[in-house]
>>> print(open('work_14.json').read())   # JSON, C-alpha atoms
[["chain", "number", "residue", "atom", "x", "y", "z"],
["A", 17, "MET", "CA", -1.79, 42.59, -24.85],
["A", 18, "PHE", "CA", -3.54, 44.33, -21.98],
["A", 19, "GLY", "CA", -6.84, 44.07, -23.83],
["A", 20, "LYS", "CA", -6.40, 40.33, -24.19],
["A", 21, "ASP", "CA", -5.54, 39.91, -20.51],
["A", 22, "SER", "CA", -8.53, 42.03, -19.55],
["A", 23, "ASN", "CA", -10.87, 39.90, -21.64],
["A", 24, "GLU", "CA", -9.48, 36.68, -20.16],
["A", 25, "THR", "CA", -9.94, 38.04, -16.63],
["A", 26, "ALA", "CA", -13.50, 39.08, -17.39],
["A", 27, "GLN", "CA", -14.23, 35.63, -18.84],
["A", 28, "ARG", "CA", -12.85, 33.89, -15.77],
["A", 29, "LEU", "CA", -14.89, 36.09, -13.45],
["A", 30, "ARG", "CA", -17.97, 35.31, -15.50],
["A", 31, "VAL", "CA", -17.34, 31.57, -15.16],
["A", 32, "VAL", "CA", -16.77, 31.90, -11.41],
["A", 33, "ARG", "CA", -19.97, 33.91, -11.06],
["A", 34, "VAL", "CA", -22.12, 31.45, -13.02],
["A", 35, "VAL", "CA", -20.72, 28.31, -11.39],
["A", 36, "GLY", "CA", -20.49, 29.78, -7.89],
["A", 37, "PHE", "CA", -23.98, 31.22, -7.77],
["A", 38, "MET", "CA", -25.53, 28.12, -9.36],
["A", 39, "PHE", "CA", -23.74, 26.01, -6.74],
["A", 40, "ALA", "CA", -25.17, 28.23, -3.99],
["A", 41, "ALA", "CA", -28.63, 28.19, -5.59],
["A", 42, "GLN", "CA", -28.75, 24.41, -5.63],
["A", 43, "ILE", "CA", -27.71, 24.16, -1.98],
["A", 44, "CYS", "CA", -30.46, 26.62, -1.04],
["A", 45, "CYS", "CA", -33.08, 24.74, -3.04],
["A", 46, "LEU", "CA", -32.16, 21.51, -1.24],
["A", 47, "SER", "CA", -32.30, 23.07, 2.23],
["A", 48, "GLY", "CA", -35.69, 21.48, 2.92],
["A", 49, "PHE", "CA", -34.78, 18.02, 1.61],
["A", 50, "ALA", "CA", -34.13, 16.46, 5.03],
["A", 51, "ALA", "CA", -36.80, 18.34, 6.98],
["A", 52, "PHE", "CA", -39.20, 15.39, 7.18],
["A", 53, "ALA", "CA", -36.45, 12.85, 7.86],
["A", 54, "SER", "CA", -35.09, 15.07, 10.64],
["A", 55, "THR", "CA", -38.52, 15.49, 12.26],
["A", 56, "LEU", "CA", -39.83, 11.98, 11.57],
["A", 57, "VAL", "CA", -39.64, 10.73, 15.14],
["A", 58, "LYS", "CA", -41.57, 13.71, 16.49],
["A", 59, "LEU", "CA", -44.15, 13.71, 13.68],
["A", 60, "THR", "CA", -44.70, 9.96, 13.98],
["A", 61, "ALA", "CA", -45.91, 10.50, 17.53],
["A", 62, "LEU", "CA", -47.75, 13.75, 16.79],
["A", 63, "TRP", "CA", -49.64, 12.44, 13.76],
["A", 64, "HIS", "CA", -49.95, 8.83, 14.98],
["A", 65, "LEU", "CA", -48.08, 7.45, 11.98],
["A", 66, "ASP", "CA", -47.10, 3.84, 11.57],
["A", 67, "SER", "CA", -43.98, 2.91, 9.57],
["A", 68, "THR", "CA", -45.99, 2.42, 6.37],
["A", 69, "ARG", "CA", -47.56, 5.88, 6.44],
["A", 70, "ALA", "CA", -44.26, 7.47, 7.42],
["A", 71, "GLY", "CA", -42.64, 5.69, 4.48],
["A", 72, "TRP", "CA", -45.31, 6.96, 2.09],
["A", 73, "ILE", "CA", -44.77, 10.54, 3.22],
["A", 74, "SER", "CA", -41.05, 10.15, 2.56],
["A", 75, "SER", "CA", -41.81, 8.52, -0.78],
["A", 76, "ALA", "CA", -44.17, 11.32, -1.84],
["A", 77, "ASP", "CA", -41.16, 13.57, -2.32],
["A", 78, "PHE", "CA", -39.55, 11.13, -4.75],
["A", 79, "ILE", "CA", -42.86, 10.45, -6.51],
["A", 80, "GLY", "CA", -43.21, 14.17, -7.20],
["A", 81, "TYR", "CA", -39.63, 14.27, -8.45],
["A", 82, "THR", "CA", -40.13, 11.24, -10.71],
["A", 83, "ILE", "CA", -43.28, 12.67, -12.23],
["A", 84, "GLY", "CA", -41.79, 16.11, -12.81],
["A", 85, "VAL", "CA", -38.32, 15.33, -14.14],
["A", 86, "PRO", "CA", -39.18, 13.78, -17.54],
["A", 87, "LEU", "CA", -41.33, 16.71, -18.62],
["A", 88, "LEU", "CA", -39.40, 19.55, -16.99],
["A", 89, "VAL", "CA", -35.99, 18.42, -18.23],
["A", 90, "ALA", "CA", -37.35, 17.84, -21.74],
["A", 91, "LEU", "CA", -38.80, 21.35, -21.75],
["A", 92, "THR", "CA", -35.30, 22.80, -21.37],
["A", 93, "ASP", "CA", -34.80, 21.95, -25.05],
["A", 94, "ARG", "CA", -37.59, 24.40, -25.93],
["A", 95, "VAL", "CA", -37.42, 27.22, -23.40],
["A", 96, "ASP", "CA", -34.72, 28.89, -21.34],
["A", 97, "ALA", "CA", -34.06, 26.56, -18.40],
["A", 98, "ARG", "CA", -33.90, 29.58, -16.09],
["A", 99, "ALA", "CA", -37.67, 30.01, -16.32],
["A", 100, "ILE", "CA", -38.15, 26.38, -15.29],
["A", 101, "TYR", "CA", -35.66, 26.76, -12.46],
["A", 102, "LEU", "CA", -37.40, 29.85, -11.09],
["A", 103, "THR", "CA", -40.74, 28.05, -11.27],
["A", 104, "GLY", "CA", -39.18, 25.18, -9.34],
["A", 105, "CYS", "CA", -37.93, 27.63, -6.70],
["A", 106, "ALA", "CA", -41.42, 29.09, -6.33],
["A", 107, "THR", "CA", -42.90, 25.60, -6.02],
["A", 108, "GLY", "CA", -40.31, 24.71, -3.38],
["A", 109, "ALA", "CA", -41.15, 27.82, -1.40],
["A", 110, "ILE", "CA", -44.86, 26.93, -1.52],
["A", 111, "ALA", "CA", -44.12, 23.34, -0.45],
["A", 112, "GLY", "CA", -41.94, 24.35, 2.48],
["A", 113, "CYS", "CA", -44.29, 27.04, 3.72],
["A", 114, "GLY", "CA", -47.28, 24.76, 3.17],
["A", 115, "LEU", "CA", -45.74, 22.00, 5.27],
["A", 116, "ALA", "CA", -44.89, 24.52, 7.98],
["A", 117, "LEU", "CA", -48.30, 26.23, 8.10],
["A", 118, "PHE", "CA", -50.90, 23.72, 6.94],
["A", 119, "ALA", "CA", -49.62, 20.15, 7.29],
["A", 120, "ASN", "CA", -51.48, 18.32, 10.06],
["A", 121, "GLY", "CA", -51.37, 14.66, 9.11],
["A", 122, "PHE", "CA", -50.75, 12.01, 6.51],
["A", 123, "TRP", "CA", -52.56, 13.38, 3.45],
["A", 124, "SER", "CA", -51.56, 17.02, 3.79],
["A", 125, "ALA", "CA", -47.95, 16.00, 4.38],
["A", 126, "CYS", "CA", -48.00, 13.77, 1.29],
["A", 127, "LEU", "CA", -49.38, 16.62, -0.82],
["A", 128, "PHE", "CA", -46.74, 19.14, 0.15],
["A", 129, "GLN", "CA", -43.94, 16.56, 0.08],
["A", 130, "ALA", "CA", -44.94, 15.72, -3.51],
["A", 131, "LEU", "CA", -44.79, 19.44, -4.34],
["A", 132, "ALA", "CA", -41.32, 19.58, -2.82],
["A", 133, "GLY", "CA", -40.26, 16.69, -5.04],
["A", 134, "LEU", "CA", -41.73, 18.41, -8.08],
["A", 135, "ALA", "CA", -39.74, 21.51, -7.13],
["A", 136, "ALA", "CA", -36.53, 19.48, -6.98],
["A", 137, "GLY", "CA", -37.33, 18.13, -10.45],
["A", 138, "GLY", "CA", -37.58, 21.70, -11.69],
["A", 139, "THR", "CA", -34.26, 22.80, -10.23],
["A", 140, "TYR", "CA", -31.56, 20.14, -10.18],
["A", 141, "MET", "CA", -31.27, 19.00, -13.81],
["A", 142, "PRO", "CA", -32.73, 22.20, -15.31],
["A", 143, "GLY", "CA", -30.12, 24.02, -13.22],
["A", 144, "LEU", "CA", -27.43, 22.11, -15.05],
["A", 145, "ARG", "CA", -28.83, 23.44, -18.33],
["A", 146, "VAL", "CA", -28.99, 26.95, -16.89],
["A", 147, "MET", "CA", -25.27, 26.74, -16.18],
["A", 148, "THR", "CA", -24.00, 24.93, -19.27],
["A", 149, "GLY", "CA", -26.10, 27.13, -21.55],
["A", 150, "ARG", "CA", -24.12, 30.13, -20.33],
["A", 151, "LEU", "CA", -20.67, 28.57, -20.58],
["A", 152, "THR", "CA", -18.63, 27.55, -23.60],
["A", 153, "GLY", "CA", -15.97, 25.07, -24.65],
["A", 154, "ARG", "CA", -14.05, 23.05, -22.09],
["A", 155, "THR", "CA", -15.27, 25.32, -19.31],
["A", 156, "ARG", "CA", -18.76, 23.92, -19.74],
["A", 157, "ILE", "CA", -17.56, 20.34, -19.28],
["A", 158, "ARG", "CA", -15.24, 21.16, -16.38],
["A", 159, "ALA", "CA", -18.01, 22.99, -14.51],
["A", 160, "ILE", "CA", -20.41, 20.03, -14.45],
["A", 161, "PRO", "CA", -18.70, 18.09, -11.60],
["A", 162, "TYR", "CA", -18.75, 21.20, -9.40],
["A", 163, "TYR", "CA", -22.47, 21.65, -9.95],
["A", 164, "THR", "CA", -23.39, 18.01, -9.39],
["A", 165, "THR", "CA", -21.37, 18.06, -6.16],
["A", 166, "ALA", "CA", -23.80, 20.70, -4.90],
["A", 167, "PHE", "CA", -26.47, 18.00, -4.65],
["A", 168, "ALA", "CA", -24.56, 16.01, -2.03],
["A", 169, "VAL", "CA", -23.44, 19.16, -0.23],
["A", 170, "GLY", "CA", -26.99, 20.54, -0.25],
["A", 171, "ILE", "CA", -28.46, 17.36, 1.25],
["A", 172, "SER", "CA", -25.79, 17.34, 3.96],
["A", 173, "VAL", "CA", -26.45, 20.98, 4.78],
["A", 174, "SER", "CA", -30.18, 20.22, 4.86],
["A", 175, "PHE", "CA", -29.72, 17.56, 7.55],
["A", 176, "LEU", "CA", -27.66, 20.01, 9.59],
["A", 177, "ILE", "CA", -30.02, 22.97, 9.22],
["A", 178, "SER", "CA", -33.20, 20.93, 9.72],
["A", 179, "GLY", "CA", -31.87, 19.36, 12.90],
["A", 180, "LEU", "CA", -30.65, 22.63, 14.38],
["A", 181, "VAL", "CA", -33.77, 24.58, 13.49],
["A", 182, "GLU", "CA", -36.12, 21.86, 14.73],
["A", 183, "ALA", "CA", -34.28, 21.61, 18.04],
["A", 184, "ARG", "CA", -34.47, 25.37, 18.60],
["A", 185, "TRP", "CA", -37.80, 26.43, 17.09],
["A", 186, "GLY", "CA", -39.80, 23.27, 16.42],
["A", 187, "TRP", "CA", -40.68, 21.07, 13.46],
["A", 188, "ARG", "CA", -42.71, 23.68, 11.61],
["A", 189, "ALA", "CA", -39.70, 26.00, 11.53],
["A", 190, "ALA", "CA", -37.61, 23.23, 9.93],
["A", 191, "PHE", "CA", -40.01, 23.07, 6.97],
["A", 192, "LEU", "CA", -40.26, 26.86, 6.82],
["A", 193, "ALA", "CA", -36.47, 27.06, 6.54],
["A", 194, "GLY", "CA", -36.69, 24.87, 3.45],
["A", 195, "GLY", "CA", -39.24, 27.19, 1.87],
["A", 196, "VAL", "CA", -37.09, 30.23, 2.60],
["A", 197, "GLY", "CA", -34.09, 28.41, 1.16],
["A", 198, "SER", "CA", -35.92, 27.90, -2.14],
["A", 199, "ALA", "CA", -36.63, 31.64, -2.28],
["A", 200, "PHE", "CA", -32.93, 32.36, -1.82],
["A", 201, "GLY", "CA", -32.21, 29.85, -4.58],
["A", 202, "ALA", "CA", -34.20, 32.02, -6.97],
["A", 203, "VAL", "CA", -32.13, 35.05, -5.97],
["A", 204, "PHE", "CA", -28.87, 33.22, -6.59],
["A", 205, "VAL", "CA", -29.89, 31.93, -10.01],
["A", 206, "LEU", "CA", -30.84, 35.46, -11.04],
["A", 207, "LEU", "CA", -27.43, 36.68, -9.89],
["A", 208, "ALA", "CA", -25.72, 33.84, -11.77],
["A", 209, "THR", "CA", -27.45, 34.62, -15.07],
["A", 210, "ARG", "CA", -27.76, 38.41, -14.89],
["A", 211, "GLY", "CA", -26.76, 39.86, -18.25],
["A", 212, "ILE", "CA", -25.81, 36.46, -19.73],
["A", 213, "VAL", "CA", -28.04, 35.08, -22.47],
["A", 214, "ALA", "CA", -28.32, 31.31, -22.79],
["A", 215, "GLN", "CA", -26.87, 29.87, -25.99],
["A", 216, "ARG", "CA", -29.27, 27.89, -28.13],
["A", 217, "GLU", "CA", -27.95, 24.49, -29.06],
["A", 218, "VAL", "CA", -28.40, 23.07, -32.53],
["A", 219, "SER", "CA", -30.60, 19.99, -32.27],
["A", 220, "GLY", "CA", -32.36, 17.53, -34.50],
["A", 221, "PRO", "CA", -36.05, 17.39, -35.37],
["A", 222, "THR", "CA", -38.40, 18.53, -32.62],
["A", 223, "ARG", "CA", -40.09, 15.67, -30.79],
["A", 224, "HIS", "CA", -42.71, 15.47, -28.08],
["A", 225, "PRO", "CA", -41.18, 16.06, -24.61],
["A", 226, "LEU", "CA", -42.57, 12.74, -23.38],
["A", 227, "ASP", "CA", -41.41, 10.66, -26.35],
["A", 228, "PHE", "CA", -38.93, 8.30, -24.66],
["A", 229, "ARG", "CA", -38.51, 5.95, -27.60],
["A", 230, "PRO", "CA", -34.98, 7.15, -28.52],
["A", 231, "VAL", "CA", -33.81, 6.44, -24.97],
["A", 232, "LEU", "CA", -35.55, 3.07, -24.75],
["A", 233, "ARG", "CA", -33.93, 1.99, -28.01],
["A", 234, "ASN", "CA", -30.47, 2.95, -26.76],
["A", 235, "HIS", "CA", -29.32, -0.14, -24.87],
["A", 236, "ASP", "CA", -26.17, 1.51, -23.50],
["A", 237, "ALA", "CA", -28.18, 4.43, -22.12],
["A", 238, "MET", "CA", -30.78, 2.11, -20.59],
["A", 239, "ALA", "CA", -28.05, 0.15, -18.80],
["A", 240, "TYR", "CA", -26.95, 3.37, -17.08],
["A", 241, "VAL", "CA", -30.56, 4.33, -16.35],
["A", 242, "LEU", "CA", -31.29, 1.01, -14.63],
["A", 243, "ALA", "CA", -28.02, 1.01, -12.71],
["A", 244, "TYR", "CA", -28.54, 4.56, -11.51],
["A", 245, "GLY", "CA", -32.15, 3.75, -10.59],
["A", 246, "GLY", "CA", -30.97, 0.91, -8.36],
["A", 247, "HIS", "CA", -28.34, 3.16, -6.80],
["A", 248, "CYS", "CA", -30.94, 5.84, -6.02],
["A", 249, "TRP", "CA", -33.28, 3.24, -4.53],
["A", 250, "GLU", "CA", -30.83, 2.32, -1.77],
["A", 251, "LEU", "CA", -29.29, 5.77, -1.41],
["A", 252, "PHE", "CA", -32.48, 7.72, -0.77],
["A", 253, "ALA", "CA", -33.96, 5.02, 1.44],
["A", 254, "PHE", "CA", -30.80, 5.28, 3.55],
["A", 255, "ARG", "CA", -31.11, 9.07, 3.74],
["A", 256, "ALA", "CA", -34.82, 8.99, 4.57],
["A", 257, "TRP", "CA", -34.44, 6.71, 7.59],
["A", 258, "LEU", "CA", -30.94, 7.61, 8.82],
["A", 259, "PRO", "CA", -31.95, 10.22, 11.47],
["A", 260, "THR", "CA", -34.60, 7.86, 12.86],
["A", 261, "TYR", "CA", -32.10, 5.04, 13.12],
["A", 262, "LEU", "CA", -29.55, 7.28, 14.85],
["A", 263, "PHE", "CA", -32.25, 8.41, 17.28],
["A", 264, "PHE", "CA", -33.12, 4.78, 18.00],
["A", 265, "ALA", "CA", -29.47, 3.81, 18.42],
["A", 266, "TRP", "CA", -28.86, 6.73, 20.76],
["A", 267, "HIS", "CA", -31.68, 5.74, 23.11],
["A", 268, "ARG", "CA", -30.73, 2.08, 22.83],
["A", 269, "PHE", "CA", -27.26, 2.66, 24.22],
["A", 270, "SER", "CA", -27.46, 6.00, 26.05],
["A", 271, "SER", "CA", -29.65, 7.44, 28.78],
["A", 272, "ALA", "CA", -28.81, 11.05, 27.86],
["A", 273, "ASP", "CA", -31.11, 13.22, 25.77],
["A", 274, "ALA", "CA", -30.56, 12.80, 22.04],
["A", 275, "GLY", "CA", -28.29, 15.43, 20.55],
["A", 276, "LEU", "CA", -26.08, 16.02, 23.58],
["A", 277, "VAL", "CA", -22.34, 15.90, 23.00],
["A", 278, "LEU", "CA", -20.60, 13.48, 25.31],
["A", 279, "GLN", "CA", -17.52, 14.82, 27.06],
["A", 280, "LEU", "CA", -14.78, 12.22, 26.73]]
>>> encode(input="work_14.json", output="structure tokens")
Amino acid sequence: MFGKDSNETAQRLRVVRVVGFMFAAQICCLSGFAAFASTLVKLTALWHLDSTRAGWISSADFIGYTIGVPLLVALTDRVDARAIYLTGCATGAIAGCGLALFANGFWSACLFQALAGLAAGGTYMPGLRVMTGRLTGRTRIRAIPYYTTAFAVGISVSFLISGLVEARWGWRAAFLAGGVGSAFGAVFVLLATRGIVAQREVSGPTRHPLDFRPVLRNHDAMAYVLAYGGHCWELFAFRAWLPTYLFFAWHRFSSADAGLVLQL
């Protein structure tokens, strides 16, 4: 009886460790997501950007993500997703530090923003495989909503951190914080998976990672793909320009410096 209770307690602690640390890892990896959006007004003036160039810098992040996701997610069927996740963390650290130390205009910003997007492609969905590969039964299914929630939480935290850091230490520090966050993400994923081997799933015949024909032939799946693509189109455009709009609205209706809290 006591042995059974002990095993159940150990199993629950294992689930909490995997889910909790993967949740924290994803938040850390997204800490640099809003750095450019939060510093857009300042960088527009500093780099003499028009709205088109500013939009392309924002888009570079999503271009990198779009290019990376199909291959990186498909590779999780062949290798342990943890290796892909750690590579994504390293790429995110390089992107954040590169933006902080070397970005000085349109092209350099686009390059490092694309790397940041590639890093996100190597962490978010592969992270889901890292987690589910180390859980079993109903626990695996029940853990998925908690992990996917980390995406929204991480983006929200990124806006907060980027704004606070930029206001105190400047725009370069905001990007550097994102790079440091990715490094912490690697630490958390190692803590989540320490001593737990990923279970190999039984699958059908091996296919090329970029063979999308099974998906394209599945009309139900394609309906979800297109709907989610449209949703992401408006969602990420809203997130990319929201701080700039709030800055504009503040100066349109207030003479106080942006960021001050009004005493009612």
>>> residues_around(input="work_14.json", residues="stretch 157-159 of chain A", least_positions_apart="5", cutoff="9 Å", atoms="only C-alpha atoms", output="JSON, numbers by chain")
{"A": [31, 35, 147, 148, 151, 152, 164]}
>>> residues_around(input="work_14.json", residues="A:Gly149", least_positions_apart="4", cutoff="8 Å", atoms="all atoms listed in the file", output="number ranges by chain")
A: 145, 214-216
>>> residues_around(input="work_14.json", residues="stretch 67-80 of chain A", least_positions_apart="3", cutoff="10 Å", atoms="all atoms listed in the file", output="number ranges by chain")
A: 49-50, 52-53, 56-57, 59-60, 63-64, 83-85, 121-137, 252-253, 256-257
>>> closest_residue(input="work_14.json", among="A:Tyr140, A:Phe175, A:Phe204, A:Phe228", to="A:Ile160", atoms="all atoms listed in the file")
A:Tyr140
>>> closest_residue(input="work_14.json", among="A:Thr103, A:Ser178, A:Asn120, A:Thr165", to="A:Pro259", atoms="only C-alpha atoms")
A:Ser178
>>> closest_residue(input="work_14.json", among="A:Ala119, A:Ala109, A:Val34, A:Leu65", to="A:Phe200", atoms="all atoms listed in the file")
A:Ala109
>>> closest_atom_pairs(input="work_14.json", of="stretch 62-161 of chain A", to="stretch 185-197 of chain A", cutoff="6 Å", atoms="all atoms listed in the file", output="CSV")
residue,atom,partner,partner_atom,distance
A:Gly108,CA,A:Gly195,CA,5.9
A:Ala109,CA,A:Gly195,CA,3.8
A:Gly112,CA,A:Gly195,CA,4.0
A:Cys113,CA,A:Leu192,CA,5.1
A:Ala116,CA,A:Arg188,CA,4.3
>>> residues_around(input="work_14.json", residues="A:Pro142", least_positions_apart="5", cutoff="7 Å", atoms="all atoms listed in the file", output="PyMOL selection string")
chain A and resi 89+92+97+100-101
>>> atom_distance(input="work_14.json", atom1="atom CA of A:Ala90", atom2="atom CA of A:Glu250")
26.1 Å
>>> closest_residue(input="work_14.json", among="A:Phe118, A:Ala183, A:Leu226, A:Ala99", to="A:Pro86", atoms="all atoms listed in the file")
A:Leu226
>>> atom_distance(input="work_14.json", atom1="atom CA of A:Ser54", atom2="atom CA of A:Phe264")
12.8 Å
